[in-house]
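Engineer: To be precise about what I am sending: the file is called my_file-v9.txt and holds compact mmCIF, C-alpha atoms.
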# COMPACT_ATOMS: atom_id res chain seq x y z
CA MET N 277 68.75 81.40 110.58
CA THR N 278 69.03 83.65 107.54
CA ALA N 279 65.90 85.28 106.12
CA ILE N 280 67.38 85.39 102.60
CA THR N 281 66.36 82.83 99.98
CA PRO N 282 68.01 82.41 96.57
CA THR N 283 65.51 82.14 93.71
CA ILE N 284 67.93 79.96 91.72
CA PRO N 285 70.04 76.93 92.70
CA LEU N 286 73.51 77.80 93.95
CA ASP N 287 75.09 74.46 93.04
CA ALA N 288 73.35 73.20 89.89
CA PRO N 289 75.23 72.79 86.59
CA GLY N 290 74.60 75.43 83.95
CA LYS N 291 73.96 79.16 84.03
CA HIS N 292 71.23 80.62 86.21
CA HIS N 293 70.08 84.23 86.66
CA GLY N 294 67.92 85.20 89.61
CA PHE N 295 67.95 86.95 92.95
CA LEU N 296 68.65 86.72 96.62
CA ARG N 297 65.24 87.58 98.07
CA LEU N 298 65.09 89.28 101.46
CA PRO N 299 61.60 89.87 102.92
CA TYR N 300 61.21 93.54 103.83
CA SER N 301 57.86 94.77 105.12
CA ARG N 302 57.46 98.52 104.70
CA ASN N 303 54.85 101.25 104.32
CA ASP N 304 54.51 100.88 100.54
CA SER N 305 54.72 97.06 100.42
CA ALA N 306 53.48 95.08 103.40
CA TRP N 307 54.88 91.78 102.14
CA GLY N 308 57.63 93.26 100.03
CA SER N 309 61.17 92.08 99.39
CA VAL N 310 64.64 93.39 98.62
CA MET N 311 65.76 91.63 95.45
CA ILE N 312 69.54 91.31 94.99
CA PRO N 313 70.60 90.29 91.45
CA LEU N 314 72.48 86.99 91.32
CA THR N 315 74.09 84.84 88.64
CA VAL N 316 75.58 81.39 89.23
CA ILE N 317 77.58 79.65 86.49
CA ARG N 318 78.79 76.11 87.04
CA GLY N 319 80.76 74.02 84.59
CA GLY N 320 83.24 71.21 85.22
CA ASP N 321 84.93 70.38 88.50
CA GLY N 322 86.99 73.16 90.06
CA PRO N 323 87.06 75.92 92.66
CA THR N 324 84.40 78.51 93.44
CA ALA N 325 84.90 82.23 92.90
CA LEU N 326 82.60 84.81 94.49
CA LEU N 327 82.63 88.10 92.56
CA THR N 328 80.94 91.08 94.20
CA GLY N 329 80.28 94.71 93.30
CA GLY N 330 78.10 97.44 94.73
CA ASN N 331 79.27 97.01 98.32
CA HIS N 332 78.98 100.81 98.19
CA GLY N 333 76.24 102.01 95.89
CA ASP N 334 78.08 104.92 94.24
CA GLU N 335 80.98 102.83 92.90
CA TYR N 336 80.29 101.62 89.38
CA GLU N 337 83.21 99.70 87.84
CA GLY N 338 82.34 96.51 89.69
CA PRO N 339 78.62 96.45 88.86
CA LEU N 340 79.31 97.25 85.21
CA ALA N 341 82.07 94.65 84.76
CA LEU N 342 80.10 91.97 86.60
CA GLN N 343 76.92 92.63 84.61
CA GLN N 344 78.90 92.07 81.42
CA LEU N 345 80.63 88.99 82.80
CA ALA N 346 77.31 87.50 83.95
CA TRP N 347 75.93 88.07 80.45
CA GLU N 348 78.92 86.70 78.53
CA LEU N 349 80.34 83.85 80.58
CA GLU N 350 79.08 80.37 79.68
CA PRO N 351 79.26 77.08 81.64
CA ALA N 352 81.40 75.42 78.94
CA GLN N 353 84.14 77.96 79.73
CA VAL N 354 84.05 77.36 83.49
CA MET N 355 85.95 74.75 85.47
CA GLY N 356 84.24 75.12 88.84
CA ARG N 357 81.68 77.73 89.81
CA VAL N 358 81.35 81.50 89.54
CA ILE N 359 78.89 83.31 91.82
CA ILE N 360 78.27 86.88 90.69
CA LEU N 361 76.61 89.63 92.77
CA PRO N 362 76.92 92.89 90.78
CA ALA N 363 74.92 94.83 93.39
CA MET N 364 75.43 93.16 96.76
CA ASN N 365 74.06 96.28 98.48
CA ALA N 366 71.15 96.54 96.04
CA PRO N 367 69.25 99.36 97.82
CA ALA N 368 72.36 101.56 97.83
CA VAL N 369 73.15 100.81 94.17
CA ALA N 370 69.59 101.68 93.16
CA ALA N 371 69.85 104.98 95.03
CA GLY N 372 73.43 105.77 93.93
CA THR N 373 74.49 106.26 97.54
CA ARG N 374 77.43 104.95 99.56
CA VAL N 375 75.23 103.61 102.36
CA SER N 376 71.83 101.97 102.22
CA PRO N 377 68.90 104.41 102.01
CA ILE N 378 66.81 101.89 103.96
CA ASP N 379 68.76 101.76 107.22
CA GLY N 380 71.65 104.22 106.74
CA VAL N 381 74.19 101.42 107.27
CA ASN N 382 77.54 101.25 105.49
CA MET N 383 77.66 97.62 104.32
CA ASN N 384 81.45 97.56 104.45
CA ARG N 385 81.33 98.27 108.17
CA ALA N 386 78.43 95.88 108.90
CA PHE N 387 80.15 92.48 108.69
CA PRO N 388 79.79 89.77 109.81
CA GLY N 389 76.22 91.04 110.00
CA ARG N 390 73.22 89.83 111.99
CA PRO N 391 70.45 87.47 110.89
CA ASP N 392 68.01 89.48 113.03
CA GLY N 393 69.42 92.91 112.21
CA SER N 394 68.57 95.62 109.72
CA VAL N 395 68.36 95.00 105.95
CA THR N 396 72.07 95.69 105.41
CA GLN N 397 73.07 93.54 108.39
CA LYS N 398 70.95 90.64 107.09
CA ILE N 399 72.59 90.82 103.66
CA ALA N 400 76.02 90.89 105.31
CA ASP N 401 75.11 87.89 107.44
CA TYR N 402 74.06 85.86 104.37
CA LEU N 403 77.29 86.65 102.61
CA ALA N 404 79.36 85.82 105.70
CA THR N 405 77.58 82.57 106.57
CA VAL N 406 76.51 81.16 103.19
CA LEU N 407 78.38 82.57 100.20
CA VAL N 408 81.85 83.24 101.61
CA PRO N 409 82.19 79.76 103.20
CA ALA N 410 81.32 78.24 99.82
CA ALA N 411 84.02 80.22 97.99
CA ASP N 412 87.72 79.59 97.52
CA LEU N 413 88.39 83.04 96.08
CA VAL N 414 86.58 86.36 96.63
CA LEU N 415 86.96 89.45 94.43
CA ASP N 416 85.21 92.55 95.78
CA TYR N 417 85.24 95.67 93.60
CA HIS N 418 85.58 99.19 94.95
CA SER N 419 86.36 102.66 93.63
CA GLY N 420 86.28 106.10 95.18
CA GLY N 421 82.55 106.75 94.92
CA LYS N 422 81.40 110.36 94.90
CA THR N 423 84.00 111.65 97.37
CA LEU N 424 87.35 110.07 96.41
CA ASP N 425 89.38 109.44 93.27
CA PHE N 426 92.06 106.71 93.04
CA LEU N 427 94.76 105.52 90.77
CA PRO N 428 93.36 102.26 89.38
CA TYR N 429 94.77 99.50 91.54
CA ALA N 430 94.05 96.04 92.85
CA ALA N 431 94.96 95.46 96.48
CA ALA N 432 95.85 92.81 99.01
CA HIS N 433 96.23 93.21 102.77
CA TYR N 434 99.00 92.45 105.19
CA LEU N 435 97.91 89.27 107.02
CA ASP N 436 99.23 87.30 109.97
CA ASP N 437 99.22 84.09 107.90
CA ALA N 438 102.16 84.36 105.49
CA ASP N 439 100.86 81.63 103.17
CA GLN N 440 97.41 83.21 102.94
CA GLN N 441 98.95 86.63 102.30
CA ALA N 442 101.13 85.19 99.53
CA ALA N 443 98.07 83.61 97.88
CA CYS N 444 96.18 86.91 98.08
CA VAL N 445 99.13 88.83 96.65
CA ALA N 446 99.44 86.37 93.76
CA ALA N 447 95.75 86.80 92.91
CA MET N 448 96.04 90.58 93.28
CA ARG N 449 99.01 90.68 90.89
CA ALA N 450 97.09 88.47 88.46
CA PHE N 451 94.28 91.05 88.31
CA GLY N 452 96.63 93.14 86.16
CA THR N 453 95.85 96.74 87.11
CA PRO N 454 98.27 99.56 86.22
CA TRP N 455 99.13 99.68 89.93
CA SER N 456 99.04 96.99 92.63
CA MET N 457 98.77 97.95 96.31
CA MET N 458 99.69 96.37 99.63
CA MET N 459 97.30 97.93 102.14
CA ARG N 460 96.75 98.47 105.82
CA GLU N 461 93.18 99.61 106.45
CA ILE N 462 92.65 102.56 108.80
CA ASP N 463 89.28 101.09 109.86
CA ALA N 464 89.12 97.32 109.26
CA VAL N 465 86.44 96.51 111.85
CA GLY N 466 83.25 95.32 110.18
CA MET N 467 84.72 95.15 106.68
CA PHE N 468 83.79 92.46 104.17
CA ASP N 469 87.54 92.12 103.55
CA THR N 470 88.17 91.21 107.19
CA THR N 471 85.38 88.63 107.30
CA VAL N 472 86.61 86.93 104.13
CA GLU N 473 90.24 86.88 105.26
CA GLN N 474 89.32 85.57 108.72
CA GLN N 475 87.70 82.59 107.00
CA GLY N 476 91.03 81.83 105.33
CA LYS N 477 89.95 82.71 101.81
CA VAL N 478 91.96 84.27 98.99
CA PHE N 479 90.74 87.87 98.78
CA VAL N 480 91.34 90.63 96.24
CA THR N 481 89.86 94.11 96.32
CA THR N 482 90.24 97.15 94.08
CA GLU N 483 90.09 100.91 93.89
CA LEU N 484 89.45 101.78 90.24
CA GLY N 485 88.87 105.52 89.97
CA GLY N 486 86.04 107.48 91.54
CA GLY N 487 84.06 110.66 91.40
CA GLY N 488 80.76 108.77 91.42
CA THR N 489 81.12 107.58 87.81
CA ALA N 490 83.08 105.20 85.63
CA THR N 491 85.20 105.59 82.52
CA ALA N 492 85.82 103.35 79.53
CA ALA N 493 89.34 102.75 80.82
CA THR N 494 88.37 101.80 84.38
CA VAL N 495 85.54 99.47 83.32
CA SER N 496 87.90 97.80 80.84
CA ILE N 497 90.43 97.28 83.66
CA ALA N 498 87.68 95.86 85.90
CA LEU N 499 86.45 93.37 83.29
CA ARG N 500 89.92 92.23 82.26
CA GLY N 501 90.83 91.88 85.94
CA ALA N 502 87.92 89.57 86.68
CA ARG N 503 88.84 87.33 83.78
CA ASN N 504 92.50 87.39 84.84
CA VAL N 505 91.67 86.35 88.41
CA LEU N 506 89.44 83.52 87.15
CA ARG N 507 92.27 82.34 84.88
CA HIS N 508 94.71 82.55 87.77
CA ALA N 509 92.37 80.34 89.82
CA GLY N 510 92.07 77.79 87.01
CA ILE N 511 88.36 78.51 86.53
CA LEU N 512 88.89 79.97 83.05
CA SER N 513 91.54 78.86 80.58
CA GLY N 514 94.14 81.11 79.00
CA PRO N 515 96.94 83.40 80.17
CA VAL N 516 96.53 86.40 82.45
CA GLU N 517 97.13 89.76 80.77
CA GLY N 518 98.91 92.95 81.79
CA VAL N 519 100.63 91.62 84.91
CA ASP N 520 104.11 92.70 83.87
CA ASP N 521 102.92 96.29 83.42
CA SER N 522 101.66 96.70 87.00
CA ARG N 523 103.62 99.00 89.31
CA MET N 524 103.76 97.85 92.93
CA LEU N 525 102.82 100.30 95.69
CA ASP N 526 102.69 100.03 99.48
CA MET N 527 100.58 101.71 102.17
CA PRO N 528 102.64 100.68 105.21
CA ASP N 529 101.12 102.83 107.98
CA ASP N 530 98.79 105.66 108.94
CA ALA N 531 101.28 108.30 107.75
CA CYS N 532 99.98 107.62 104.23
CA PHE N 533 96.65 109.26 105.08
CA HIS N 534 96.10 113.02 105.15
CA PHE N 535 92.96 114.63 106.59
CA ALA N 536 91.43 118.09 106.35
CA PRO N 537 92.03 120.15 109.51
CA GLN N 538 89.21 122.49 108.51
CA GLY N 539 86.50 122.82 105.89
CA GLY N 540 86.50 125.03 102.83
CA LEU N 541 87.44 125.22 99.16
CA LEU N 542 89.92 122.55 98.12
CA HIS N 543 92.88 123.73 96.03
CA PRO N 544 94.82 120.62 94.88
CA LEU N 545 98.53 121.14 94.38
CA VAL N 546 99.43 117.60 93.26
CA ASP N 547 97.64 115.30 90.79
CA LEU N 548 97.16 111.54 90.98
CA GLY N 549 100.29 109.58 90.15
CA GLN N 550 102.70 112.45 90.77
CA ASP N 551 105.71 111.96 93.02
CA VAL N 552 105.82 113.97 96.24
CA ALA N 553 108.53 114.73 98.78
CA GLU N 554 108.07 114.68 102.54
CA GLY N 555 106.79 118.08 103.63
CA GLN N 556 105.67 119.03 100.12
CA PRO N 557 102.32 120.88 100.02
CA LEU N 558 99.57 118.57 98.75
CA ALA N 559 96.62 120.96 98.91
CA CYS N 560 95.39 124.27 100.27
CA ILE N 561 92.02 124.86 101.89
CA TRP N 562 90.57 128.33 101.35
CA PRO N 563 87.66 129.73 103.36
CA VAL N 564 84.30 129.83 101.62
CA ASP N 565 82.82 132.82 103.41
CA ARG N 566 85.50 135.54 103.24
CA THR N 567 88.57 136.88 101.47
CA GLY N 568 91.81 138.16 102.92
CA VAL N 569 92.46 135.03 104.98
CA ALA N 570 95.45 132.78 104.33
CA PRO N 571 94.66 129.18 103.33
CA VAL N 572 95.49 126.18 105.43
CA THR N 573 98.14 124.06 103.71
CA VAL N 574 98.26 120.28 104.09
CA CYS N 575 101.75 118.82 103.51
CA ALA N 576 102.90 115.29 102.80
CA ASN N 577 103.73 113.18 105.84
CA ARG N 578 106.07 111.02 103.80
CA PRO N 579 107.68 110.80 100.35
CA GLY N 580 105.91 108.73 97.72
CA LEU N 581 103.28 109.32 95.07
CA LEU N 582 99.70 110.50 95.25
CA ALA N 583 97.49 107.40 95.07
CA ALA N 584 94.15 108.94 96.10
CA ARG N 585 92.61 112.36 96.55
CA HIS N 586 89.42 114.01 97.73
CA PHE N 587 87.16 114.51 94.72
CA PRO N 588 84.56 117.26 95.43
CA GLY N 589 85.70 120.88 95.43
CA LEU N 590 84.44 121.43 98.98
CA VAL N 591 85.89 119.63 102.01
CA GLN N 592 84.74 119.26 105.58
CA THR N 593 86.87 118.97 108.69
CA GLY N 594 88.10 115.39 108.95
CA ASP N 595 87.67 114.47 105.28
CA CYS N 596 90.42 112.36 103.75
CA LEU N 597 92.27 114.76 101.45
CA ALA N 598 95.02 112.55 100.09
CA VAL N 599 96.72 109.18 100.31
CA VAL N 600 100.47 109.02 99.61
CA ALA N 601 101.65 105.53 98.75
CA VAL N 602 105.23 104.28 98.67
CA PRO N 603 106.64 102.71 95.49
CA ALA N 604 107.77 99.16 96.21
CA PRO N 605 110.22 96.90 94.41
Using the file provided, produce a representation of the structure as structure tokens.
Structural biologist:
Amino acid sequence: MTAITPTIPLDAPGKHHGFLRLPYSRNDSAWGSVMIPLTVIRGGDGPTALLTGGNHGDEYEGPLALQQLAWELEPAQVMGRVIILPAMNAPAVAAGTRVSPIDGVNMNRAFPGRPDGSVTQKIADYLATVLVPAADLVLDYHSGGKTLDFLPYAAAHYLDDADQQAACVAAMRAFGTPWSMMMREIDAVGMFDTTVEQQGKVFVTTELGGGGTATAATVSIALRGARNVLRHAGILSGPVEGVDDSRMLDMPDDACFHFAPQGGLLHPLVDLGQDVAEGQPLACIWPVDRTGVAPVTVCANRPGLLAARHFPGLVQTGDCLAVVAVPAP
């Protein structure tokens, strides 16, 4: 039995702003609660879309686009229902951190959650058992946070069910980002993505920049993408925009990922979007504490283009330095 209670109806006609309230007793509030912002907009008959941001609290395009959409979208425009959670991991968003400051849990490795678990696990459980089953389509926004920077892309995953994969790819292409990505996750256990896809839903995710901030361009892409996906689903009227301009990329295997073999000062040798050849140096890592020592060079495992990079100037052993994606037809 979930401990979370919505303060607004989830299925009533009209537009409702409120919260998901999770009781959380703590030192500074004995009968306190975690309040997760929620908007539900229901118009005529049609499918349900669940739009989520703030899965990680230092990724801002999703929360910004969904705040604007929650403010602007009206029931008369909607055929079906739109459930909007701009800050699904509200404690992390408030703190500007990737993981929750309450329990130190990464929400995107906590699914399907536990009704008797920590705060993050309880939120994950509510999403997995209440909101996701009610949805036909789920759009979950991500970007690179404070430690990564990405080309702006929407993504779909390789799935065992060919029909479900095709539906996810169609929705991903409808998002209309400059790039579109077919992905294999290096760590899919506990992800929101996995839970949604295992329930047979259409799922789209994004990576829309990074560095722990947002830009006018990336927020514009995020907002247009949400509207495009809702149009694709028949929830909003009108044509999707920018689809023909999207360049298709593929992340077929683990060779796309490049990790730091040691810590130090990061010297990038390739910028985002640039083509690389197999064996081409992607970055050097210089020592922090001495001179006169040669850097360690990290070279590309495969040809392609640089789709993601480590953002801070310092790296630690094991950090993801770069992702090389493969252009697809």
Engineer: Hey, which of N:Thr470, N:Ser394, N:Ser522, N:Thr489 ends up closest to Pro428 (chain N)? Count only C-alpha atoms.
Structural biologist: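 So, comparing all the options, the nearest one is N:Ser522.
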Engineer: Excluding Ala366 (chain N) and residues on its chain fewer than 4 positions from it, collect all residues at most 8 Å away from it, counting all atoms listed in the file, and give them as a ChimeraX atom specification.
Structural biologist: /N:310-313,330,333,370
Engineer: CA of Leu590 (chain N) and CA of Ala498 (chain N), how far apart in Å?
Structural biologist: 28.9 Å
Engineer: Provide the CA of Ser309 (chain N) to CA of Pro289 (chain N) distance in Å, to one decimal place.
Structural biologist: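 Separating CA of Ser309 (chain N) from CA of Pro289 (chain N) is a distance of 27.1 Å.
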Engineer: For Pro515 (chain N), which of N:Glu473, N:Phe295, N:Phe451, N:Asp412 is the closest residue, counting all atoms listed in the file?
Structural biologist: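 Counting all atoms listed in the file, the residue closest to Pro515 (chain N) is N:Phe451.
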Engineer: List as a ChimeraX atom specification the protein and nucleic acid residues near Ala598 (chain N), meaning an atom at most 12 Å away when all atoms listed in the file are counted, but skip any in the same chain fewer than 6 places from it.
Structural biologist: /N:420,423-427,530-536,542,544-549,552,557-560,574-578,580-587,591
Engineer: Take the selection from the previous step and output its residues with C-alpha atoms, as a CSV table (one decimal), keeping the file's coordinate frame.
Structural biologist:
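As written to disk, selection_1.csv reads:
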chain,number,residue,atom,x,y,z
N,420,GLY,CA,86.3,106.1,95.2
N,423,THR,CA,84.0,111.6,97.4
N,424,LEU,CA,87.4,110.1,96.4
N,425,ASP,CA,89.4,109.4,93.3
N,426,PHE,CA,92.1,106.7,93.0
N,427,LEU,CA,94.8,105.5,90.8
N,530,ASP,CA,98.8,105.7,108.9
N,531,ALA,CA,101.3,108.3,107.8
N,532,CYS,CA,100.0,107.6,104.2
N,533,PHE,CA,96.6,109.3,105.1
N,534,HIS,CA,96.1,113.0,105.2
N,535,PHE,CA,93.0,114.6,106.6
N,536,ALA,CA,91.4,118.1,106.4
N,542,LEU,CA,89.9,122.6,98.1
N,544,PRO,CA,94.8,120.6,94.9
N,545,LEU,CA,98.5,121.1,94.4
N,546,VAL,CA,99.4,117.6,93.3
N,547,ASP,CA,97.6,115.3,90.8
N,548,LEU,CA,97.2,111.5,91.0
N,549,GLY,CA,100.3,109.6,90.2
N,552,VAL,CA,105.8,114.0,96.2
N,557,PRO,CA,102.3,120.9,100.0
N,558,LEU,CA,99.6,118.6,98.8
N,559,ALA,CA,96.6,121.0,98.9
N,560,CYS,CA,95.4,124.3,100.3
N,574,VAL,CA,98.3,120.3,104.1
N,575,CYS,CA,101.8,118.8,103.5
N,576,ALA,CA,102.9,115.3,102.8
N,577,ASN,CA,103.7,113.2,105.8
N,578,ARG,CA,106.1,111.0,103.8
N,580,GLY,CA,105.9,108.7,97.7
N,581,LEU,CA,103.3,109.3,95.1
N,582,LEU,CA,99.7,110.5,95.2
N,583,ALA,CA,97.5,107.4,95.1
N,584,ALA,CA,94.2,108.9,96.1
N,585,ARG,CA,92.6,112.4,96.6
N,586,HIS,CA,89.4,114.0,97.7
N,587,PHE,CA,87.2,114.5,94.7
N,591,VAL,CA,85.9,119.6,102.0
Engineer: Determine the nearest neighbour of Met457 (chain N) from the options N:Gly322, N:Pro339, N:Pro528, N:Gly589, counting all atoms listed in the file.
Structural biologist: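 Closest candidate: N:Pro528.
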Engineer: Expressed in Å to a single decimal, how great is the separation between CA of Gly319 (chain N) and CA of Glu350 (chain N)?
Structural biologist: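 Computing the Euclidean distance for CA of Gly319 (chain N) and CA of Glu350 (chain N) yields 8.2 Å.
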Engineer: When you count all atoms listed in the file, which of these residues is closest to Ala450 (chain N): N:Asp595, N:Asp379, N:Asp521, N:Glu348?
Structural biologist: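 For Ala450 (chain N), the nearest of the given residues is N:Asp521.
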Engineer: Point out the residue among N:Phe468, N:Ala352, N:Thr328, N:Ala431 with the least atom-to-atom distance to Asn382 (chain N), counting only C-alpha atoms.
Structural biologist: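 When distances to Asn382 (chain N) are compared using only C-alpha atoms, the smallest one comes from N:Phe468.
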Engineer: Which residue is closest to Met355 (chain N)? Choose from N:Thr471, N:Thr593, N:Thr324, N:Thr567 and count all atoms listed in the file.
Structural biologist: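 Closest to Met355 (chain N) of all the choices is N:Thr324.
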Engineer: Taking (96.8, 86.3, 79.9) in the coordinates of the supplied file, I want to know which residues reach to within 9 Å of it, counting all atoms listed in the file; could you give the answer as a list in words?
Structural biologist: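 Checked against the point, the hits come out as Ala450, Arg503, Asn504, Arg507, His508, Gly514, Pro515, Val516, Glu517, Gly518 and Val519 of chain N.
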Engineer: Could you turn the residues from that selection into a file that holds C-alpha atoms, as a CSV table (one decimal), keeping the file's coordinate frame?
Structural biologist:
chain,number,residue,atom,x,y,z
N,450,ALA,CA,97.1,88.5,88.5
N,503,ARG,CA,88.8,87.3,83.8
N,504,ASN,CA,92.5,87.4,84.8
N,507,ARG,CA,92.3,82.3,84.9
N,508,HIS,CA,94.7,82.6,87.8
N,514,GLY,CA,94.1,81.1,79.0
N,515,PRO,CA,96.9,83.4,80.2
N,516,VAL,CA,96.5,86.4,82.4
N,517,GLU,CA,97.1,89.8,80.8
N,518,GLY,CA,98.9,93.0,81.8
N,519,VAL,CA,100.6,91.6,84.9
Engineer: Show which residues sit within 7 Å of region 396-398 of chain N, as a list in words. Count all atoms listed in the file, and ignore same-chain residues fewer than 4 positions away.
Structural biologist: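 Surrounding residues, per the criterion: Val381, Met383, Ala386, Gly389, Arg390, Pro391, Asp392 and Tyr402 of chain N.
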Engineer: Please provide the set of residues having any atom within 6 Å of Asn331 (chain N), restricted to all atoms listed in the file, with same-chain residues fewer than 2 positions apart removed, written as an NGL selection string.
Structural biologist: :N and (329 or 364-365)
Engineer: With a distance cut-off of 7 Å and all atoms listed in the file, select the neighbouring residues of Pro603 (chain N), excluding the residue or stretch itself and same-chain residues fewer than 4 positions from it, and output the selection as an MDAnalysis selection string.
Structural biologist: chainID N and resid 524:526 580
Engineer: Please give the centre and size of the box around region 280-299 of chain N (axis-aligned, containing every atom listed in the file, 6 Å added per side), with values in Å to one decimal and written as JSON.
Structural biologist:
{"center_x": 68.4, "center_y": 81.3, "center_z": 93.4, "size_x": 25.6, "size_y": 29.1, "size_z": 31.0}
Engineer: Could N, CA and C atoms be built for region 296-309 of chain N and written out as a PDB file, keeping the file's coordinate frame?
Structural biologist:
ATOM      1  N   LEU N 296      68.776  87.006  95.201  1.00  0.00           N
ATOM      2  CA  LEU N 296      68.650  86.720  96.620  1.00  0.00           C
ATOM      3  C   LEU N 296      67.474  87.546  97.111  1.00  0.00           C
ATOM      4  N   ARG N 297      66.458  86.872  97.649  1.00  0.00           N
ATOM      5  CA  ARG N 297      65.240  87.580  98.070  1.00  0.00           C
ATOM      6  C   ARG N 297      65.229  87.721  99.586  1.00  0.00           C
ATOM      7  N   LEU N 298      65.147  88.965 100.035  1.00  0.00           N
ATOM      8  CA  LEU N 298      65.090  89.280 101.460  1.00  0.00           C
ATOM      9  C   LEU N 298      63.742  89.914 101.782  1.00  0.00           C
ATOM     10  N   PRO N 299      62.873  89.255 102.544  1.00  0.00           N
ATOM     11  CA  PRO N 299      61.600  89.870 102.920  1.00  0.00           C
ATOM     12  C   PRO N 299      61.836  91.203 103.642  1.00  0.00           C
ATOM     13  N   TYR N 300      61.063  92.211 103.229  1.00  0.00           N
ATOM     14  CA  TYR N 300      61.210  93.540 103.830  1.00  0.00           C
ATOM     15  C   TYR N 300      59.841  94.225 103.832  1.00  0.00           C
ATOM     16  N   SER N 301      59.174  94.163 104.966  1.00  0.00           N
ATOM     17  CA  SER N 301      57.860  94.770 105.120  1.00  0.00           C
ATOM     18  C   SER N 301      58.014  96.257 105.385  1.00  0.00           C
ATOM     19  N   ARG N 302      57.313  97.068 104.609  1.00  0.00           N
ATOM     20  CA  ARG N 302      57.460  98.520 104.700  1.00  0.00           C
ATOM     21  C   ARG N 302      56.132  99.194 104.381  1.00  0.00           C
ATOM     22  N   ASN N 303      56.098 100.502 104.502  1.00  0.00           N
ATOM     23  CA  ASN N 303      54.850 101.250 104.320  1.00  0.00           C
ATOM     24  C   ASN N 303      54.226 101.024 102.949  1.00  0.00           C
ATOM     25  N   ASP N 304      55.061 100.966 101.894  1.00  0.00           N
ATOM     26  CA  ASP N 304      54.510 100.880 100.540  1.00  0.00           C
ATOM     27  C   ASP N 304      54.437  99.447 100.013  1.00  0.00           C
ATOM     28  N   SER N 305      54.790  98.454 100.855  1.00  0.00           N
ATOM     29  CA  SER N 305      54.720  97.060 100.420  1.00  0.00           C
ATOM     30  C   SER N 305      54.761  96.155 101.649  1.00  0.00           C
ATOM     31  N   ALA N 306      53.575  95.792 102.125  1.00  0.00           N
ATOM     32  CA  ALA N 306      53.480  95.080 103.400  1.00  0.00           C
ATOM     33  C   ALA N 306      54.245  93.760 103.389  1.00  0.00           C
ATOM     34  N   TRP N 307      54.173  93.040 102.272  1.00  0.00           N
ATOM     35  CA  TRP N 307      54.880  91.780 102.140  1.00  0.00           C
ATOM     36  C   TRP N 307      55.962  91.886 101.061  1.00  0.00           C
ATOM     37  N   GLY N 308      56.646  92.994 101.064  1.00  0.00           N
ATOM     38  CA  GLY N 308      57.630  93.260 100.030  1.00  0.00           C
ATOM     39  C   GLY N 308      58.950  92.542 100.273  1.00  0.00           C
ATOM     40  N   SER N 309      59.862  92.707  99.320  1.00  0.00           N
ATOM     41  CA  SER N 309      61.170  92.080  99.390  1.00  0.00           C
ATOM     42  C   SER N 309      62.224  92.997  98.798  1.00  0.00           C
TER      43      SER N 309
END
